Structure formats: structure tokens, C-alpha cells
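coords-v1.pdb follows; it contains PDB, C-alpha atoms and all ligand atoms.
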ATOM      1  CA  MET T  27      15.267   5.566 -17.491
ATOM      2  CA  ALA T  28      15.045   7.860 -14.531
ATOM      3  CA  THR T  29      13.493   5.104 -12.422
ATOM      4  CA  ASN T  30      16.211   2.669 -13.416
ATOM      5  CA  GLN T  31      18.949   5.075 -12.416
ATOM      6  CA  ARG T  32      17.337   5.746  -9.096
ATOM      7  CA  TYR T  33      17.378   2.053  -8.323
ATOM      8  CA  ARG T  34      20.790   1.310  -9.705
ATOM      9  CA  TRP T  35      22.512   3.612  -7.199
ATOM     10  CA  PRO T  36      21.274   1.985  -3.998
ATOM     11  CA  VAL T  37      22.310  -1.412  -5.419
ATOM     12  CA  ALA T  38      25.771  -0.110  -6.238
ATOM     13  CA  SER T  39      26.081   1.622  -2.846
ATOM     14  CA  ALA T  40      24.987  -1.516  -1.017
ATOM     15  CA  ALA T  41      27.601  -3.565  -2.849
ATOM     16  CA  LEU T  42      30.249  -0.958  -2.122
ATOM     17  CA  LEU T  43      29.230  -0.787   1.531
ATOM     18  CA  ALA T  44      29.402  -4.585   1.818
ATOM     19  CA  ALA T  45      32.876  -4.571   0.269
ATOM     20  CA  LEU T  46      34.007  -1.797   2.595
ATOM     21  CA  LEU T  47      32.609  -3.572   5.640
ATOM     22  CA  ALA T  48      34.330  -6.813   4.652
ATOM     23  CA  PHE T  49      37.556  -4.854   4.230
ATOM     24  CA  PHE T  50      37.329  -3.160   7.632
ATOM     25  CA  VAL T  51      36.245  -6.315   9.448
ATOM     26  CA  GLY T  52      39.122  -8.118   7.802
ATOM     27  CA  CYS T  53      41.620  -5.454   8.929
ATOM     28  CA  LYS T  54      40.237  -5.033  12.383
ATOM     29  CA  GLY T  55      41.813  -6.047  15.657
ATOM     30  CA  GLU T  56      43.075  -9.599  15.506
ATOM     31  CA  SER T  57      45.309  -9.166  12.464
ATOM     32  CA  VAL T  58      47.170  -6.261  14.123
ATOM     33  CA  TRP T  59      48.194  -8.342  17.138
ATOM     34  CA  PRO T  60      49.673 -11.832  16.951
ATOM     35  CA  ASP T  61      47.866 -14.635  18.724
ATOM     36  CA  HIS T  62      50.097 -14.650  21.801
ATOM     37  CA  PRO T  63      49.198 -14.813  25.492
ATOM     38  CA  GLY T  64      50.189 -12.017  27.890
ATOM     39  CA  PRO T  65      49.831  -8.230  27.893
ATOM     40  CA  LYS T  66      49.710  -6.369  24.562
ATOM     41  CA  VAL T  67      52.067  -3.427  24.875
ATOM     42  CA  VAL T  68      52.377  -0.397  22.568
ATOM     43  CA  VAL T  69      55.239   2.084  22.908
ATOM     44  CA  SER T  70      55.352   5.440  21.165
ATOM     45  CA  PHE T  71      58.891   5.454  19.776
ATOM     46  CA  ALA T  72      62.076   3.445  19.275
ATOM     47  CA  PRO T  73      64.022   3.750  22.580
ATOM     48  CA  LEU T  74      60.933   2.731  24.557
ATOM     49  CA  TYR T  75      60.578  -0.330  22.320
ATOM     50  CA  CYS T  76      63.989  -1.525  23.518
ATOM     51  CA  PHE T  77      63.250  -0.758  27.162
ATOM     52  CA  ALA T  78      59.902  -2.576  27.039
ATOM     53  CA  THR T  79      60.931  -5.546  24.943
ATOM     54  CA  ASN T  80      63.895  -6.338  27.195
ATOM     55  CA  VAL T  81      61.608  -6.519  30.224
ATOM     56  CA  ALA T  82      58.705  -8.223  28.410
ATOM     57  CA  GLY T  83      60.678 -11.161  27.008
ATOM     58  CA  GLU T  84      58.333 -13.975  25.986
ATOM     59  CA  ASP T  85      55.646 -12.972  28.461
ATOM     60  CA  ALA T  86      54.221  -9.979  26.579
ATOM     61  CA  VAL T  87      54.053  -8.629  23.013
ATOM     62  CA  VAL T  88      55.579  -5.186  22.350
ATOM     63  CA  LYS T  89      54.939  -2.992  19.302
ATOM     64  CA  SER T  90      56.413   0.394  18.462
ATOM     65  CA  MET T  91      54.079   2.949  16.928
ATOM     66  CA  MET T  92      56.884   5.001  15.356
ATOM     67  CA  THR T  93      59.940   3.880  13.479
ATOM     68  CA  THR T  94      61.233   6.060  10.641
ATOM     69  CA  THR T  95      59.135   9.082  11.666
ATOM     70  CA  GLY T  96      60.129  10.536  15.027
ATOM     71  CA  PRO T  97      58.011  12.233  17.695
ATOM     72  CA  HIS T  98      58.706  15.673  16.139
ATOM     73  CA  ASP T  99      56.728  14.881  13.010
ATOM     74  CA  PHE T 100      54.391  12.040  13.949
ATOM     75  CA  ASN T 101      50.739  11.880  12.867
ATOM     76  CA  PRO T 102      48.930   8.686  13.874
ATOM     77  CA  THR T 103      47.144   6.719  11.165
ATOM     78  CA  ASP T 104      44.183   4.335  11.264
ATOM     79  CA  MET T 105      46.705   1.519  11.721
ATOM     80  CA  ASP T 106      47.872   3.108  14.993
ATOM     81  CA  ALA T 107      44.274   3.505  16.144
ATOM     82  CA  ARG T 108      43.672  -0.196  15.534
ATOM     83  CA  LEU T 109      46.805  -1.097  17.480
ATOM     84  CA  ILE T 110      45.549   0.913  20.458
ATOM     85  CA  ARG T 111      42.028  -0.504  20.270
ATOM     86  CA  HIS T 112      43.196  -3.930  21.497
ATOM     87  CA  ALA T 113      46.251  -3.001  23.589
ATOM     88  CA  ASP T 114      46.610  -3.314  27.365
ATOM     89  CA  LEU T 115      49.479  -0.899  28.052
ATOM     90  CA  PHE T 116      50.611   2.181  26.129
ATOM     91  CA  PHE T 117      54.024   3.519  27.196
ATOM     92  CA  ILE T 118      54.998   7.013  26.117
ATOM     93  CA  ASN T 119      57.906   9.314  27.014
ATOM     94  CA  GLY T 120      55.717  12.119  28.317
ATOM     95  CA  LEU T 121      57.188  15.536  29.235
ATOM     96  CA  SER T 122      55.127  17.002  26.360
ATOM     97  CA  LEU T 123      56.978  14.954  23.727
ATOM     98  CA  ASP T 124      54.248  12.478  22.762
ATOM     99  CA  ASN T 125      51.356  13.123  25.186
ATOM    100  CA  GLY T 126      49.148  14.967  22.712
ATOM    101  CA  PHE T 127      48.503  12.307  20.099
ATOM    102  CA  ALA T 128      48.664   9.506  22.694
ATOM    103  CA  GLU T 129      45.788  11.004  24.681
ATOM    104  CA  THR T 130      43.791  11.583  21.491
ATOM    105  CA  LEU T 131      44.329   7.965  20.427
ATOM    106  CA  GLN T 132      43.339   6.689  23.870
ATOM    107  CA  ARG T 133      40.160   8.785  23.918
ATOM    108  CA  GLY T 134      39.194   7.707  20.416
ATOM    109  CA  SER T 135      39.939   4.025  20.958
ATOM    110  CA  GLY T 136      36.929   3.071  23.071
ATOM    111  CA  ASN T 137      39.371   0.724  24.836
ATOM    112  CA  ARG T 138      38.524   1.012  28.526
ATOM    113  CA  LYS T 139      41.139  -1.464  29.713
ATOM    114  CA  LEU T 140      43.990   0.504  28.056
ATOM    115  CA  LYS T 141      46.425   2.089  30.507
ATOM    116  CA  LEU T 142      48.469   5.052  29.218
ATOM    117  CA  ILE T 143      51.754   5.520  31.107
ATOM    118  CA  ALA T 144      54.056   8.529  30.656
ATOM    119  CA  LEU T 145      57.406   7.110  31.811
ATOM    120  CA  GLY T 146      59.063  10.525  32.064
ATOM    121  CA  ASP T 147      56.689  11.315  34.938
ATOM    122  CA  ARG T 148      58.622   8.791  37.069
ATOM    123  CA  ILE T 149      61.813  10.831  36.863
ATOM    124  CA  PRO T 150      62.258  12.914  40.018
ATOM    125  CA  ALA T 151      61.708  16.636  39.369
ATOM    126  CA  ASP T 152      65.244  17.535  40.499
ATOM    127  CA  LYS T 153      66.698  15.280  37.788
ATOM    128  CA  LEU T 154      64.746  16.993  34.997
ATOM    129  CA  LEU T 155      66.281  19.811  32.974
ATOM    130  CA  GLU T 156      64.399  22.873  31.839
ATOM    131  CA  ALA T 157      63.807  23.283  28.119
ATOM    132  CA  ASP T 158      66.254  25.895  26.898
ATOM    133  CA  GLU T 159      64.370  29.148  26.288
ATOM    134  CA  ASP T 160      67.327  31.410  25.585
ATOM    135  CA  HIS T 161      67.501  30.865  21.869
ATOM    136  CA  ASP T 162      65.418  32.287  19.088
ATOM    137  CA  HIS T 163      62.571  30.148  17.934
ATOM    138  CA  ASP T 164      59.441  30.404  15.923
ATOM    139  CA  HIS T 165      56.437  30.838  18.181
ATOM    140  CA  GLY T 166      54.151  30.411  15.187
ATOM    141  CA  GLU T 167      54.405  26.667  15.625
ATOM    142  CA  ALA T 168      52.892  26.430  19.076
ATOM    143  CA  ASP T 169      52.694  22.647  19.280
ATOM    144  CA  HIS T 170      56.405  22.043  18.879
ATOM    145  CA  HIS T 171      57.708  20.107  21.823
ATOM    146  CA  HIS T 172      60.784  22.185  22.591
ATOM    147  CA  HIS T 173      58.934  25.317  23.530
ATOM    148  CA  GLU T 174      58.114  25.110  27.199
ATOM    149  CA  GLY T 175      58.549  23.192  30.431
ATOM    150  CA  HIS T 176      61.040  20.375  30.752
ATOM    151  CA  ASP T 177      63.434  19.118  28.153
ATOM    152  CA  PRO T 178      61.882  15.779  27.086
ATOM    153  CA  HIS T 179      65.059  14.038  25.778
ATOM    154  CA  VAL T 180      65.552  11.957  28.937
ATOM    155  CA  TRP T 181      66.154   8.623  27.141
ATOM    156  CA  LEU T 182      69.621   9.807  26.046
ATOM    157  CA  SER T 183      70.835   9.376  29.628
ATOM    158  CA  PRO T 184      71.348   5.740  30.733
ATOM    159  CA  GLU T 185      70.537   6.782  34.306
ATOM    160  CA  MET T 186      67.137   8.183  33.231
ATOM    161  CA  ALA T 187      66.596   5.150  30.958
ATOM    162  CA  ILE T 188      66.911   2.946  34.067
ATOM    163  CA  VAL T 189      64.101   4.869  35.790
ATOM    164  CA  MET T 190      61.938   4.295  32.708
ATOM    165  CA  VAL T 191      62.774   0.574  32.619
ATOM    166  CA  GLU T 192      61.744   0.303  36.286
ATOM    167  CA  GLY T 193      58.426   1.946  35.377
ATOM    168  CA  ILE T 194      57.846  -0.589  32.604
ATOM    169  CA  ARG T 195      58.713  -3.458  34.982
ATOM    170  CA  ASP T 196      56.196  -2.245  37.567
ATOM    171  CA  GLU T 197      53.388  -1.883  35.019
ATOM    172  CA  LEU T 198      54.039  -5.319  33.496
ATOM    173  CA  ARG T 199      54.083  -6.841  36.969
ATOM    174  CA  SER T 200      50.675  -5.439  37.811
ATOM    175  CA  ALA T 201      49.202  -6.222  34.381
ATOM    176  CA  ASP T 202      50.451  -9.825  34.493
ATOM    177  CA  PRO T 203      51.169 -10.823  38.120
ATOM    178  CA  ALA T 204      51.562 -14.523  37.241
ATOM    179  CA  HIS T 205      54.896 -13.733  35.548
ATOM    180  CA  TYR T 206      56.224 -11.083  37.940
ATOM    181  CA  LYS T 207      59.408 -13.013  38.670
ATOM    182  CA  ASN T 208      60.299 -13.082  34.970
ATOM    183  CA  TYR T 209      59.738  -9.337  34.605
ATOM    184  CA  ASP T 210      61.856  -8.689  37.691
ATOM    185  CA  ARG T 211      64.700 -10.894  36.489
ATOM    186  CA  ARG T 212      64.797  -9.421  32.981
ATOM    187  CA  ALA T 213      64.641  -5.863  34.334
ATOM    188  CA  VAL T 214      67.652  -6.579  36.565
ATOM    189  CA  GLU T 215      69.569  -8.032  33.601
ATOM    190  CA  TYR T 216      68.757  -5.101  31.320
ATOM    191  CA  ILE T 217      69.529  -2.479  33.965
ATOM    192  CA  ASP T 218      72.950  -4.130  34.365
ATOM    193  CA  LYS T 219      73.516  -3.620  30.638
ATOM    194  CA  LEU T 220      72.513   0.050  30.907
ATOM    195  CA  ARG T 221      74.912   0.556  33.831
ATOM    196  CA  LYS T 222      77.656  -1.046  31.744
ATOM    197  CA  LEU T 223      76.781   1.308  28.872
ATOM    198  CA  GLN T 224      77.219   4.247  31.260
ATOM    199  CA  THR T 225      80.581   3.099  32.669
ATOM    200  CA  ASP T 226      81.924   2.101  29.232
ATOM    201  CA  GLY T 227      80.999   5.552  27.909
ATOM    202  CA  GLU T 228      82.728   7.228  30.838
ATOM    203  CA  LYS T 229      85.854   5.149  30.179
ATOM    204  CA  LEU T 230      85.861   6.014  26.470
ATOM    205  CA  LEU T 231      85.811   9.733  27.219
ATOM    206  CA  ALA T 232      87.958   9.638  30.367
ATOM    207  CA  GLY T 233      91.199  10.813  28.752
ATOM    208  CA  LYS T 234      89.635  13.701  26.818
ATOM    209  CA  LYS T 235      90.548  17.195  27.943
ATOM    210  CA  ASP T 236      88.229  19.132  25.667
ATOM    211  CA  LYS T 237      84.567  18.099  26.089
ATOM    212  CA  LYS T 238      82.860  21.160  24.635
ATOM    213  CA  LEU T 239      80.286  21.006  21.833
ATOM    214  CA  VAL T 240      77.844  23.128  19.901
ATOM    215  CA  THR T 241      74.706  21.436  18.549
ATOM    216  CA  PHE T 242      71.978  22.026  15.980
ATOM    217  CA  HIS T 243      68.994  20.626  17.905
ATOM    218  CA  GLU T 244      68.649  20.841  21.644
ATOM    219  CA  SER T 245      68.387  17.126  22.224
ATOM    220  CA  LEU T 246      71.662  16.415  23.976
ATOM    221  CA  SER T 247      71.353  18.018  27.433
ATOM    222  CA  TYR T 248      70.752  14.774  29.370
ATOM    223  CA  PHE T 249      73.347  12.928  27.292
ATOM    224  CA  ALA T 250      75.851  15.693  28.050
ATOM    225  CA  ARG T 251      75.083  15.612  31.769
ATOM    226  CA  SER T 252      75.559  11.828  31.862
ATOM    227  CA  PHE T 253      78.940  11.891  30.168
ATOM    228  CA  GLY T 254      80.415  15.151  31.445
ATOM    229  CA  LEU T 255      80.133  17.113  28.194
ATOM    230  CA  THR T 256      79.482  20.833  27.952
ATOM    231  CA  ILE T 257      76.997  22.132  25.372
ATOM    232  CA  GLU T 258      78.183  25.690  24.741
ATOM    233  CA  GLY T 259      75.443  26.602  22.297
ATOM    234  CA  VAL T 260      72.431  25.365  20.336
ATOM    235  CA  VAL T 261      71.662  27.011  17.060
ATOM    236  CA  GLN T 262      68.656  25.320  15.596
ATOM    237  CA  LYS T 263      65.515  25.137  17.661
ATOM    238  CA  LYS T 264      63.371  23.418  15.077
ATOM    239  CA  PRO T 265      64.730  20.180  13.647
ATOM    240  CA  GLY T 266      64.908  20.177   9.882
ATOM    241  CA  VAL T 267      64.955  23.971   9.551
ATOM    242  CA  GLU T 268      68.249  25.490   8.508
ATOM    243  CA  PRO T 269      69.516  28.266  10.768
ATOM    244  CA  ASN T 270      69.702  31.703   9.140
ATOM    245  CA  THR T 271      72.933  33.637   8.546
ATOM    246  CA  THR T 272      72.570  35.676  11.763
ATOM    247  CA  GLU T 273      72.263  32.472  13.812
ATOM    248  CA  LEU T 274      75.205  30.944  12.005
ATOM    249  CA  SER T 275      77.467  33.908  12.611
ATOM    250  CA  LYS T 276      76.395  33.861  16.279
ATOM    251  CA  LEU T 277      77.467  30.246  16.438
ATOM    252  CA  ILE T 278      80.794  31.002  14.773
ATOM    253  CA  GLY T 279      81.372  33.823  17.275
ATOM    254  CA  LEU T 280      80.513  31.479  20.135
ATOM    255  CA  CYS T 281      82.938  28.794  18.915
ATOM    256  CA  GLN T 282      85.670  31.405  18.675
ATOM    257  CA  GLU T 283      84.963  32.986  22.076
ATOM    258  CA  LYS T 284      84.629  29.693  24.013
ATOM    259  CA  GLN T 285      87.099  27.804  21.840
ATOM    260  CA  VAL T 286      84.679  25.045  20.839
ATOM    261  CA  ARG T 287      86.019  22.849  18.051
ATOM    262  CA  LEU T 288      83.245  20.189  17.829
ATOM    263  CA  ILE T 289      79.951  20.715  16.011
ATOM    264  CA  ALA T 290      77.425  17.940  16.684
ATOM    265  CA  ILE T 291      74.890  17.140  13.974
ATOM    266  CA  GLU T 292      72.279  14.419  13.855
ATOM    267  CA  PRO T 293      71.860  12.137  10.860
ATOM    268  CA  GLN T 294      68.065  12.636  10.567
ATOM    269  CA  TYR T 295      67.996  16.377  10.009
ATOM    270  CA  SER T 296      69.498  18.446   7.266
ATOM    271  CA  ALA T 297      71.893  20.556   9.312
ATOM    272  CA  HIS T 298      74.832  19.229   7.331
ATOM    273  CA  THR T 299      75.024  22.244   5.032
ATOM    274  CA  SER T 300      74.994  24.656   7.971
ATOM    275  CA  ALA T 301      77.530  22.597   9.888
ATOM    276  CA  ASP T 302      79.823  22.571   6.865
ATOM    277  CA  ALA T 303      79.434  26.342   6.501
ATOM    278  CA  VAL T 304      80.360  26.849  10.162
ATOM    279  CA  LEU T 305      83.284  24.480   9.820
ATOM    280  CA  LYS T 306      84.641  26.250   6.716
ATOM    281  CA  GLU T 307      84.284  29.651   8.339
ATOM    282  CA  LEU T 308      86.092  28.492  11.498
ATOM    283  CA  GLN T 309      88.894  27.115   9.339
ATOM    284  CA  ARG T 310      89.068  30.247   7.183
ATOM    285  CA  LYS T 311      89.245  32.561  10.202
ATOM    286  CA  ASN T 312      91.610  30.176  11.962
ATOM    287  CA  ALA T 313      89.244  30.756  14.907
ATOM    288  CA  VAL T 314      89.623  27.372  16.609
ATOM    289  CA  PRO T 315      92.390  24.830  16.117
ATOM    290  CA  ASP T 316      91.219  21.784  14.132
ATOM    291  CA  PRO T 317      87.415  22.209  14.125
ATOM    292  CA  ALA T 318      85.360  19.078  13.321
ATOM    293  CA  VAL T 319      81.804  17.819  12.779
ATOM    294  CA  VAL T 320      80.615  14.790  14.772
ATOM    295  CA  GLN T 321      77.402  12.845  14.114
ATOM    296  CA  ILE T 322      75.312  12.090  17.194
ATOM    297  CA  ASP T 323      71.968  10.338  16.747
ATOM    298  CA  PRO T 324      69.278  11.414  19.258
ATOM    299  CA  LEU T 325      67.585   8.019  18.773
ATOM    300  CA  GLU T 326      64.241   9.539  17.831
ATOM    301  CA  THR T 327      63.867   7.406  14.687
ATOM    302  CA  ALA T 328      64.863   3.898  13.637
ATOM    303  CA  GLU T 329      64.702   1.911  10.435
ATOM    304  CA  ALA T 330      61.866  -0.555  11.060
ATOM    305  CA  GLY T 331      64.050  -3.584  10.300
ATOM    306  CA  ALA T 332      66.875  -2.357  12.542
ATOM    307  CA  LEU T 333      64.730  -1.978  15.656
ATOM    308  CA  THR T 334      65.858  -4.937  17.745
ATOM    309  CA  ALA T 335      66.087  -5.366  21.523
ATOM    310  CA  ASP T 336      69.717  -4.168  21.558
ATOM    311  CA  TRP T 337      69.178  -1.183  19.191
ATOM    312  CA  TYR T 338      69.305   1.409  22.003
ATOM    313  CA  GLU T 339      72.618   0.144  23.366
ATOM    314  CA  ARG T 340      74.148  -0.165  19.886
ATOM    315  CA  LYS T 341      73.136   3.377  18.926
ATOM    316  CA  MET T 342      74.296   4.882  22.218
ATOM    317  CA  ARG T 343      77.641   3.092  21.909
ATOM    318  CA  ALA T 344      78.024   4.334  18.317
ATOM    319  CA  ASN T 345      77.410   7.915  19.533
ATOM    320  CA  LEU T 346      79.987   7.541  22.290
ATOM    321  CA  ALA T 347      82.528   6.004  19.905
ATOM    322  CA  ALA T 348      82.048   8.850  17.394
ATOM    323  CA  LEU T 349      82.583  11.394  20.162
ATOM    324  CA  ALA T 350      85.653   9.618  21.519
ATOM    325  CA  GLU T 351      87.082   9.542  17.992
ATOM    326  CA  ALA T 352      86.479  13.255  17.386
ATOM    327  CA  MET T 353      87.455  14.575  20.836
ATOM    328  CA  LYS T 354      90.954  15.389  22.001
TER     329      LYS T 354
HETATM  330 ZN    ZN R 401      63.848  16.143  19.884
END
For this file, write the structure as C-alpha cells.
Amino acid sequence: MATNQRYRWPVASAALLAALLAFFVGCKGESVWPDHPGPKVVVSFAPLYCFATNVAGEDAVVKSMMTTTGPHDFNPTDMDARLIRHADLFFINGLSLDNGFAETLQRGSGNRKLKLIALGDRIPADKLLEADEDHDHDHGEADHHHHEGHDPHVWLSPEMAIVMVEGIRDELRSADPAHYKNYDRRAVEYIDKLRKLQTDGEKLLAGKKDKKLVTFHESLSYFARSFGLTIEGVVQKKPGVEPNTTELSKLIGLCQEKQVRLIAIEPQYSAHTSADAVLKELQRKNAVPDPAVVQIDPLETAEAGALTADWYERKMRANLAALAEAMK
């Protein structure tokens, strides 16, 4: 009996091991990437997918690591590791937004040909904004990206997006020199669209006298600079965490003192309750004439099915239209 049991286990383990091996071999590599010539490109999150795919066209394959989970909350899975194992280029935002897990994935991949490019590093230092350190935040969560150095939300400025697109063009050119003319042409075409996005946004907001806002997540500094808005205050340093009553009454005081009537919230995080509380209090106190809440998406997440080449432009235009509608 005892002898039988001793022998049964290795047989069972061997069968299990064989099944597991077959499973992993079956999942590995080839199935993650389509059989398509040209560079295999991974981007960390949604806006970079649009930038890269517009330049890549038919000459390269682009995949986005993140869709519905944004860079604030992302934890790579085995699927992401497999993507990286056979990729040629890995574009990230940089500026401490997505460097951490990207470097870990690169180190763990054993992929020596992989080139990791932080596109934010191409933006001249004098165009970068400091991360706002004036507000209260929880130092217990040391890895949160808003805590030190530069504000990473550069993609929300079309001007900064253009610098990133140029970076992608240059890397695709050197990875695939045979198609450099195609990359150049598509980059020119896409940059034209981004310039148009900028001028259309300026036109939409041109007649508005009052361009002041308060926000619940400090993601809008570059966006504000691009379109002449003034962010008078940021209440919530950590996305998804409701501000406390002290922070809320500070915000209400700020709106009253600086006469800010617009409260910007983003659809992904649950600041709605707080925004409604601020709104009600401003109305009750008659502190600001006609206060309002406006939804502005920082483009950190996308529904997987909605992530198309024109997603960035569509989302930016929707933000600008919402602002134009709410502003006076
Ligand atoms: Zn953010």
C-alpha cells in the first residue's frame, strides 16, 4: 500500500507537469503577437497607443498594456510579461508615472533586443511642470506617482503630445529603416491633427471670460496651460480617495475667495459625492453665482473596445466641449 502510494505520486506529478508545460508552451510568445512583419511595439497606456498607432500604420504592430486600469493602479500580469518577451520597442510616459513596473518587466523578460523608451524624457526641462507639493497627502503610500519631481500628466497637452509623437517616429525609423518614409509621412499627418486639436480647443474657449477651475486630482496642469485655464485649487491628491471634511471646507472657502464656479471631476474616480457636497454648499451659502460640476477625463483609462487610433483626439475634444458648455 505504502509502496503503491509512493509510486502513484510521481506518475500524477509527471502527468500534471506535462499538462502544465503543454499549457505554457501553447500560451507562449507567438500567440500574443500576430504574424505580421515589422517592429512589435508595446505602449504602457491608452494615449500612447494612439500616438504610436498613428505613426506605425501598417508597418508595425502596436499593443497597449493597459486599458481599463490606469497607471495609478496597474499591476502587470503574466500576459504583460509575455507581451514584453517578444517585443522590439516599449514606449512609456516616464516622469515616474510608469517607469517602475516597466523596468521590472524589462529586466525579467530576458529580451535583450527590447528597447524601453520614456517619451516624457524628450520634453525640454523648461516645459515640464513641478508636481504640486502644497497640498496635504498621505506619505504612507510612498510609491504614488504624484509625490515628487515633475508632474507626469504631459499627454493632456497637444503640444507635449507632439513631442512624444516625434519620439515615437524617431524610434520606429531606427528600428525599421526600410520604411522610414512611411513613418515620417504619418507622423506629419498626425501632428497636423494634433495642431488642429489645439487651435480648435482655443477657438471653443476663446469667448469665455471666466476660465477658473478647482479639481479633485492634480492631472490637469498641462491641459490648463495649453488652453489658458487657471487651476485655483486641487483637493484630492490620491485618486479614488474621498477628501475629508476639512479639505472640503478649504475648497469651499477657496471657491468663495477666488470666485471659482467650476468644479472639475473625472469619470474614473469617485469624487462625485464630494463634488456634489461642494456644489450644494456653494449654492446654500450663495458663495459663487451659478456653481457647476464639469467632467474632464484625464485619459488614463480606456474601454478596451473603444481604444482606436482616434480615441485621444475624440476624448480631448469631448473634454474641451464639456468645458466650453460649462464656462461663461
Ligand atoms: Zn494621474
Hey, which residues come within 7 Å of ligand ZN 401 (chain R) if we count only C-alpha atoms and all ligand atoms? Could you give them as number ranges by chain?
T: 98, 179, 244-245, 326
Can you list, as a count of residues only, every protein, DNA or RNA residue that comes within 8 Å of T:Gly259 when you count all atoms listed in the file, leaving out same-chain residues fewer than 6 positions away?
5
Rounded to one decimal place, report the atom CA of T:Pro150-atom CA of T:Lys229 distance in Å.
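It comes out at 26.7 Å.
Minimum atom-to-atom distance to T:Gly120, evaluated using all atoms listed in the file, belongs to T:Phe71 out of T:Lys276, T:Thr103, T:Phe71, T:Val88.
If you count only C-alpha atoms and ignore residues fewer than 6 places along the chain from stretch 304-306 of chain T, what sits within 9 Å of it is Leu274, Ser275, Leu277, Ile278, Arg287, Ile289, Pro317, Ala318 and Val319 of chain T.
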Care to translate the PyMOL selection byres (((chain T and resi 145) around 12) and not hetatm) into actual residues of this file, as a PyMOL selection string?
chain T and resi 69-70+73-74+77-78+115-125+142-144+146-150+178-181+186-197
Decode the PyMOL selection byres (((chain T and resi 332) around 12) and not hetatm) for the given file into explicit residues and return them as number ranges by chain.
T: 72, 75-76, 93-94, 327-331, 333-338, 340-341
For the structure shown, which residues end up in the PyMOL selection byres (((chain T and resi 64) around 10) and not hetatm)? Put them as JSON, numbers by chain, please?
{"T": [61, 62, 63, 65, 66, 67, 82, 84, 85, 86, 87, 114, 198, 201, 202, 204, 205]}
Interatomic distance (Å, one decimal) between atom CA of T:Glu156 and atom CA of T:Gly175:
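Taking atom CA of T:Glu156 as the start and atom CA of T:Gly175 as the end point, the length is 6.0 Å.
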Please return, as a list of chain:residue names, all polymer residues that have at least one atom within 10 Å of the point (72.9, 2.0, 28.0); use only C-alpha atoms and the file's own coordinate frame.
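Taken together, the residues in range are T:Trp181, T:Leu182, T:Ser183, T:Pro184, T:Glu185, T:Met186, T:Ala187, T:Ile188, T:Tyr216, T:Ile217, T:Asp218, T:Lys219, T:Leu220, T:Arg221, T:Lys222, T:Leu223, T:Gln224, T:Thr225, T:Asp226, T:Gly227, T:Asp336, T:Tyr338, T:Glu339, T:Arg340, T:Lys341, T:Met342, T:Arg343.
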Two-atom distance - atom CA of T:Gln282, atom CA of T:Val314 (Å):
6.0 Å
Here is a test: counting all atoms listed in the file, which residue of T:Leu346, T:Pro324, T:Pro315, T:Val286 is nearest to T:Gly254?
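That would be T:Leu346, the residue with the smallest distance to T:Gly254.
In terms of minimum interatomic distance to T:Trp59, T:Lys89 ranks closest within T:Leu325, T:Thr95, T:Lys89, T:Asn80, counting all atoms listed in the file.
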